[in-house]
Amino acid sequence: MTKQVRQLDRVVIRFAGDSGDGMQLTGDRFTSETAQLGNDISTLPNFPAEIRAPAGTLPGVSSFQVHFADFDILTPGDAPNVLVAMNPAALKANLADLPRGADIIVNTDEFSTRNLTKVGYSTNPLEDGSLDSYALHPVALTSMTVAALAAHDVSKKDAERAKNMFALGLLSWLYSRPHESTIGFLQRKFAARPELAEANVAAFRAGWNFGETTEDFGVRYEVKPASMPAGNYRNITGNVALALGLVAAGVRSRLPVFLGAYPITPASDILHELSKHKRFGVTTMQAEDEIAAVGAALGASYGGSLGVTTTSGPGVALKGETISLAIALELPLIVVDVQRAGPSTGMPTKTEQADLNMALYGRHGEAPAAVIAPRSPADCFFAALDAARIALTYRTPVLLLSDGYIANGSEPWLLPDVAELPDLRVDFASEPNGPDGKSFLPYLRDPTTLARPWAVPGTPGLQHRIGGLEKADKTGDISYDPANHDFMVRTRAARIEAIEVPDVEVEDPDETARVLVLGWGSTYGPIGAACRAMRQRGLTIAQAHLRHLNPMPKNLASVLSRYERVVIPEMNLGQLAHVIRARYLVDAIPYNQVRGLPFSATELESMLEEVVKNA
């Protein structure tokens, strides 16, 4: 059939179904196809919080949202244009997010009385008229897949499992995606079982052919490539980007990288990725618990490596004592906290920004450390490099605050030229530095950075004492002197304040805005999209975003003073807003949510419009 082809500038698609329906794989493959075409992309995977939740129930729904466009985009999109629902639970869990007129593709084979009752439907929504305001496309995905694979040597169960590939083939046809990479991926994935590879490829092609021949889809869509700077790109998640940033930090510092980690959602992928890069001098250790993981990482730093530990909020709480020890020892250490919704176990697969207070203050005694936060998946690479720069230069722990949203989300990443990455080489102490020319003073500080010498154990003549007891200035001897303790505490704090960080940049095109939106971490995308939409409607608003949260940029005070109102959206109950109020005496306006989901640009735009009109 000859079908009309319609051009679109952007599309948001959400794949939803049970955990076993392969929605994450389906979304990931569609994203890879889209990346190859050259569209700008932003994704939002959403996992069930329960392990093996009962099939067909609302807690067991897994979804993957992808936003792609022919222009620069900042978020995975507020509302899907298309929902692919593999069962009634997926439909019910996601229907409220759909705008009227959105396309809904449903797997009619799963809409049995039993499955409908399981999620509280008293009537079949495909038949009772409740979906009349949407463009409903009933497709018997399961039975059509089984029929398409009847001639293949696979069980009925394996044939049914391939229904996600049928759906992927249909969507790939509908939005004119290149599909050769998916065929290759399936052949590699199931190389050990060729019959499964052939079956999944056949299911994918059956979905493609169904789109080509059915009368239900009379229009096919195209989204042209986005205009982007020239170079080599890859689609990358925040966790993978962060891991590669740590690999690059090892290369640029010429130090071995040691990761001590205990698996925890949503940080585990960093451990998985780094374990693939032994050829770059990376050693990974899966420890028996969080305390052992950070202890091993700190020990590696003492031995002359770049010590790293990765975790989420509950793990940071357990690592607190060893982080304090690293502050007392004044050794480099990178602590990656991929934040999730708490407290306690909370919602382990959902995102939040609620660990800022713990990163800033969650240690005993006066124990300041550097804190930084990436703003997007690709930015995780550069944030990891920045964390390494600070840790190695200033001999301090650095807490890097990612979160589940950017850790699991993905976007195109322009591969950097390795030669242009910062030089992170350090000079280890190699000879005595005492006034007599024979002794070693482990706490004799660099006058600029206030960092102490880093002496690798075994270096002749540089024997020195380590441990958590307070050290005497310069000599490092154990000291209980009150004046020395006061001096050392203040010096360690001054060392953090001495860290060089770039000035915060303000996006204020007309320089006439009276309201500044200040953000940190993953709120960058929704804030940017909201401000962009407001400016397109003629409203003036300024945006600034913080990567460095301790110390903060030197020019932040002057930036804040230029605006009548400062609004701080956060996925917590106002942690940065409290800090800004305390440090700068600015009556910042907090805007907070703790739903386990990122902000939508639309809700931020509505709130900010009211602030602008009242300023």
# chains A, B, ... in the order shown; residues from 1 in each chain; ligands from 1
$ residues_around --residues "Thr351 in chain A" --least-positions-apart "6" --cutoff "10 Å" --atoms "only C-alpha atoms" --output "list in words"
Asn46, Pro266, Val338, Gln339, Arg340, Ala341, Gly342, Ser402, Asp403, Gly404, Tyr405, Ile406, Ala407, Asn408, Ser522, Met571, Val594, Arg595, Gly596, Leu597 and Pro598 of chain A
$ select_by_dssp --residues "range 124-215 of chain A" --states "helix (DSSP H, G or I)" --output "VMD selection string"
chain A and resid 141 to 148 156 to 161 163 to 174 180 to 189 194 to 213
$ residues_around --residues "Ser155 in chain A" --least-positions-apart "5" --cutoff "12 Å" --atoms "only C-alpha atoms" --output "VMD selection string"
chain A and resid 146 149 to 150 160 to 162 195 to 196 199
$ residues_around --residues "range 85-91 of chain A" --least-positions-apart "6" --cutoff "6 Å" --atoms "only C-alpha atoms" --output "PyMOL selection string"
chain A and resi 16-17+56-58+61+106-107+110+119
$ write_last_selection --atoms "N, CA and C atoms" --output "short mmCIF file (atom, residue, chain, number, x, y, z; two decimals), in the first residue's frame"
data_model
loop_
_atom_site.label_atom_id
_atom_site.label_comp_id
_atom_site.auth_asym_id
_atom_site.auth_seq_id
_atom_site.Cartn_x
_atom_site.Cartn_y
_atom_site.Cartn_z
N ALA A 16 5.34 0.65 27.36
CA ALA A 16 4.99 0.25 28.73
C ALA A 16 4.43 -1.16 28.74
N GLY A 17 4.81 -1.92 29.77
CA GLY A 17 4.32 -3.28 29.93
C GLY A 17 4.86 -3.88 31.21
N GLY A 56 1.09 -8.31 35.42
CA GLY A 56 -0.19 -7.69 35.13
C GLY A 56 -0.70 -6.75 36.19
N THR A 57 0.13 -6.38 37.18
CA THR A 57 -0.29 -5.48 38.24
C THR A 57 0.34 -4.11 38.04
N LEU A 58 -0.24 -3.10 38.66
CA LEU A 58 0.28 -1.74 38.52
C LEU A 58 1.70 -1.60 39.05
N VAL A 61 4.55 -2.46 36.44
CA VAL A 61 4.66 -1.80 35.13
C VAL A 61 6.05 -1.19 34.96
N VAL A 106 -2.42 -0.77 21.65
CA VAL A 106 -2.61 -1.73 22.75
C VAL A 106 -2.55 -3.15 22.24
N ASN A 107 -2.00 -4.01 23.09
CA ASN A 107 -1.96 -5.44 22.81
C ASN A 107 -3.28 -6.06 23.26
N GLU A 110 -4.00 -9.24 25.68
CA GLU A 110 -3.86 -9.24 27.14
C GLU A 110 -5.08 -8.66 27.85
N VAL A 119 -6.45 -5.04 37.68
CA VAL A 119 -6.05 -3.64 37.86
C VAL A 119 -7.25 -2.73 38.11
#
$ closest_residue --among "A:Lys350, A:Arg547, A:Lys474, A:Arg537" --to "Asp386 in chain A" --atoms "only C-alpha atoms"
A:Arg547
$ select_by_dssp --residues "range 59-183 of chain A" --states "strand (DSSP E)" --output "ChimeraX atom specification"
/A:61-69,82-85,103-107,135-139
$ closest_residue --among "A:Leu325, A:Val282, A:Ala378, A:Leu170" --to "Ser42 in chain A" --atoms "only C-alpha atoms"
A:Ala378
$ residues_around --residues "Ile580 in chain A" --least-positions-apart "4" --cutoff "12 Å" --atoms "only C-alpha atoms" --output "list in words"
Leu518, Gly519, Leu546, Leu549, Asn550, Met552, Leu556, Ala557, Leu560, Ser561, Val566, Val567, Ile568, Gly574, Gln575, Leu576, Tyr584, Leu585, Val586, Asp587, Ala588, Ile589 and Pro590 of chain A
$ residues_around --residues "Asn592 in chain A" --least-positions-apart "4" --cutoff "6 Å" --atoms "only C-alpha atoms" --output "VMD selection string"
chain A and resid 569 to 573
$ write_last_selection --atoms "N, CA, C and O atoms" --output "mmCIF file, in the first residue's frame"
data_model
loop_
_atom_site.group_PDB
_atom_site.id
_atom_site.type_symbol
_atom_site.label_atom_id
_atom_site.label_comp_id
_atom_site.auth_asym_id
_atom_site.auth_seq_id
_atom_site.Cartn_x
_atom_site.Cartn_y
_atom_site.Cartn_z
ATOM 1 N N PRO A 569 13.988 25.404 41.911
ATOM 2 C CA PRO A 569 13.262 24.132 41.833
ATOM 3 C C PRO A 569 14.189 22.963 42.200
ATOM 4 O O PRO A 569 15.322 22.883 41.714
ATOM 5 N N GLU A 570 13.712 22.069 43.047
ATOM 6 C CA GLU A 570 14.500 20.908 43.459
ATOM 7 C C GLU A 570 13.594 19.712 43.683
ATOM 8 O O GLU A 570 12.450 19.861 44.112
ATOM 9 N N MET A 571 14.147 18.520 43.451
ATOM 10 C CA MET A 571 13.442 17.285 43.766
ATOM 11 C C MET A 571 13.765 16.875 45.201
ATOM 12 O O MET A 571 14.316 15.818 45.493
ATOM 13 N N ASN A 572 13.463 17.769 46.126
ATOM 14 C CA ASN A 572 13.604 17.554 47.559
ATOM 15 C C ASN A 572 12.727 18.599 48.236
ATOM 16 O O ASN A 572 11.885 19.222 47.582
ATOM 17 N N LEU A 573 12.907 18.818 49.506
ATOM 18 C CA LEU A 573 12.074 19.795 50.207
ATOM 19 C C LEU A 573 12.766 21.132 50.416
ATOM 20 O O LEU A 573 12.449 21.860 51.353
#
$ closest_residue --among "A:Val294, A:Ala544, A:Ala513, A:Ile527" --to "Lys613 in chain A" --atoms "only C-alpha atoms"
A:Ala513
$ closest_residue --among "A:Thr602, A:Thr145, A:Thr449, A:Gln286" --to "Gly169 in chain A" --atoms "only C-alpha atoms"
A:Thr145
$ atom_distance --atom1 "CA of Leu259 in chain A" --atom2 "CA of Ser430 in chain A"
25.7 Å
$ residues_around --residues "Asp477 in chain A" --least-positions-apart "2" --cutoff "12 Å" --atoms "only C-alpha atoms" --output "list in words"
Phe440, Leu441, Pro442, Tyr443, Gln463, His464, Arg465, Ile466, Gly467, Gly468, Leu469, Glu470, Lys471, Ala472, Asp473, Lys474, Thr475, Ser479, Tyr480, Asp481 and Asn484 of chain A
$ atom_distance --atom1 "CA of Leu392 in chain A" --atom2 "CA of Ser253 in chain A"
8.7 Å
$ closest_residue --among "A:Gly315, A:Gly22, A:Gly303, A:Pro138" --to "Thr108 in chain A" --atoms "only C-alpha atoms"
A:Pro138
$ closest_atom_pairs --of "range 491-551 of chain A" --to "range 366-373 of chain A" --cutoff "12 Å" --atoms "only C-alpha atoms" --output "JSON lines"
{"residue": "A:Thr491", "atom": "CA", "partner": "A:Pro368", "partner_atom": "CA", "distance": 10.7}
{"residue": "A:Arg492", "atom": "CA", "partner": "A:Pro368", "partner_atom": "CA", "distance": 7.6}
{"residue": "A:Ala493", "atom": "CA", "partner": "A:Pro368", "partner_atom": "CA", "distance": 6.0}
{"residue": "A:Ala494", "atom": "CA", "partner": "A:Pro368", "partner_atom": "CA", "distance": 9.4}
{"residue": "A:Arg495", "atom": "CA", "partner": "A:Pro368", "partner_atom": "CA", "distance": 9.3}
{"residue": "A:Ile496", "atom": "CA", "partner": "A:Ala370", "partner_atom": "CA", "distance": 6.4}
{"residue": "A:Glu497", "atom": "CA", "partner": "A:Ala370", "partner_atom": "CA", "distance": 8.9}
{"residue": "A:Ala498", "atom": "CA", "partner": "A:Ala370", "partner_atom": "CA", "distance": 10.6}
{"residue": "A:Ile499", "atom": "CA", "partner": "A:Ala370", "partner_atom": "CA", "distance": 8.3}
{"residue": "A:Glu500", "atom": "CA", "partner": "A:Ala370", "partner_atom": "CA", "distance": 11.0}
{"residue": "A:Val501", "atom": "CA", "partner": "A:Ile372", "partner_atom": "CA", "distance": 10.2}
{"residue": "A:Gly519", "atom": "CA", "partner": "A:Ala373", "partner_atom": "CA", "distance": 10.6}
{"residue": "A:Trp520", "atom": "CA", "partner": "A:Ala373", "partner_atom": "CA", "distance": 6.9}
{"residue": "A:Gly521", "atom": "CA", "partner": "A:Ala373", "partner_atom": "CA", "distance": 5.1}
{"residue": "A:Ser522", "atom": "CA", "partner": "A:Ala373", "partner_atom": "CA", "distance": 8.3}
{"residue": "A:Thr523", "atom": "CA", "partner": "A:Ala373", "partner_atom": "CA", "distance": 10.8}
{"residue": "A:Tyr524", "atom": "CA", "partner": "A:Ala373", "partner_atom": "CA", "distance": 10.8}
{"residue": "A:His545", "atom": "CA", "partner": "A:Ala373", "partner_atom": "CA", "distance": 10.1}
{"residue": "A:Leu546", "atom": "CA", "partner": "A:Ala373", "partner_atom": "CA", "distance": 7.7}
{"residue": "A:Arg547", "atom": "CA", "partner": "A:Ala373", "partner_atom": "CA", "distance": 5.0}
{"residue": "A:His548", "atom": "CA", "partner": "A:Ile372", "partner_atom": "CA", "distance": 4.5}
{"residue": "A:Leu549", "atom": "CA", "partner": "A:Val371", "partner_atom": "CA", "distance": 5.3}
{"residue": "A:Asn550", "atom": "CA", "partner": "A:Val371", "partner_atom": "CA", "distance": 4.9}
{"residue": "A:Pro551", "atom": "CA", "partner": "A:Ala370", "partner_atom": "CA", "distance": 6.5}
$ write_last_selection --atoms "C-alpha atoms" --output "PDB file, in the first residue's frame"
ATOM      1  CA  THR A 491      43.053  24.821  57.510  1.00  0.00           C
ATOM      2  CA  ARG A 492      41.127  21.845  56.160  1.00  0.00           C
ATOM      3  CA  ALA A 493      38.104  24.092  55.672  1.00  0.00           C
ATOM      4  CA  ALA A 494      40.237  26.752  53.982  1.00  0.00           C
ATOM      5  CA  ARG A 495      41.625  24.112  51.627  1.00  0.00           C
ATOM      6  CA  ILE A 496      38.096  23.381  50.377  1.00  0.00           C
ATOM      7  CA  GLU A 497      37.369  27.087  49.965  1.00  0.00           C
ATOM      8  CA  ALA A 498      40.629  27.421  47.990  1.00  0.00           C
ATOM      9  CA  ILE A 499      39.388  25.036  45.292  1.00  0.00           C
ATOM     10  CA  GLU A 500      39.273  26.814  41.948  1.00  0.00           C
ATOM     11  CA  VAL A 501      35.860  26.526  40.305  1.00  0.00           C
ATOM     12  CA  GLY A 519      19.138  24.939  39.698  1.00  0.00           C
ATOM     13  CA  TRP A 520      21.576  22.117  40.251  1.00  0.00           C
ATOM     14  CA  GLY A 521      21.934  18.577  38.963  1.00  0.00           C
ATOM     15  CA  SER A 522      19.303  17.011  36.750  1.00  0.00           C
ATOM     16  CA  THR A 523      16.814  19.888  37.009  1.00  0.00           C
ATOM     17  CA  TYR A 524      18.824  21.580  34.249  1.00  0.00           C
ATOM     18  CA  HIS A 545      22.888  26.281  37.023  1.00  0.00           C
ATOM     19  CA  LEU A 546      25.364  25.136  39.664  1.00  0.00           C
ATOM     20  CA  ARG A 547      27.787  22.283  39.116  1.00  0.00           C
ATOM     21  CA  HIS A 548      29.947  23.164  42.113  1.00  0.00           C
ATOM     22  CA  LEU A 549      27.976  23.060  45.359  1.00  0.00           C
ATOM     23  CA  ASN A 550      30.957  23.212  47.695  1.00  0.00           C
ATOM     24  CA  PRO A 551      32.707  25.490  47.271  1.00  0.00           C
TER      25      PRO A 551
END
$ atom_distance --atom1 "CA of Leu401 in chain A" --atom2 "CA of Asp355 in chain A"
7.9 Å
$ closest_residue --among "A:Ala582, A:Leu400, A:Ala419, A:Leu131" --to "Ala96 in chain A" --atoms "only C-alpha atoms"
A:Leu131
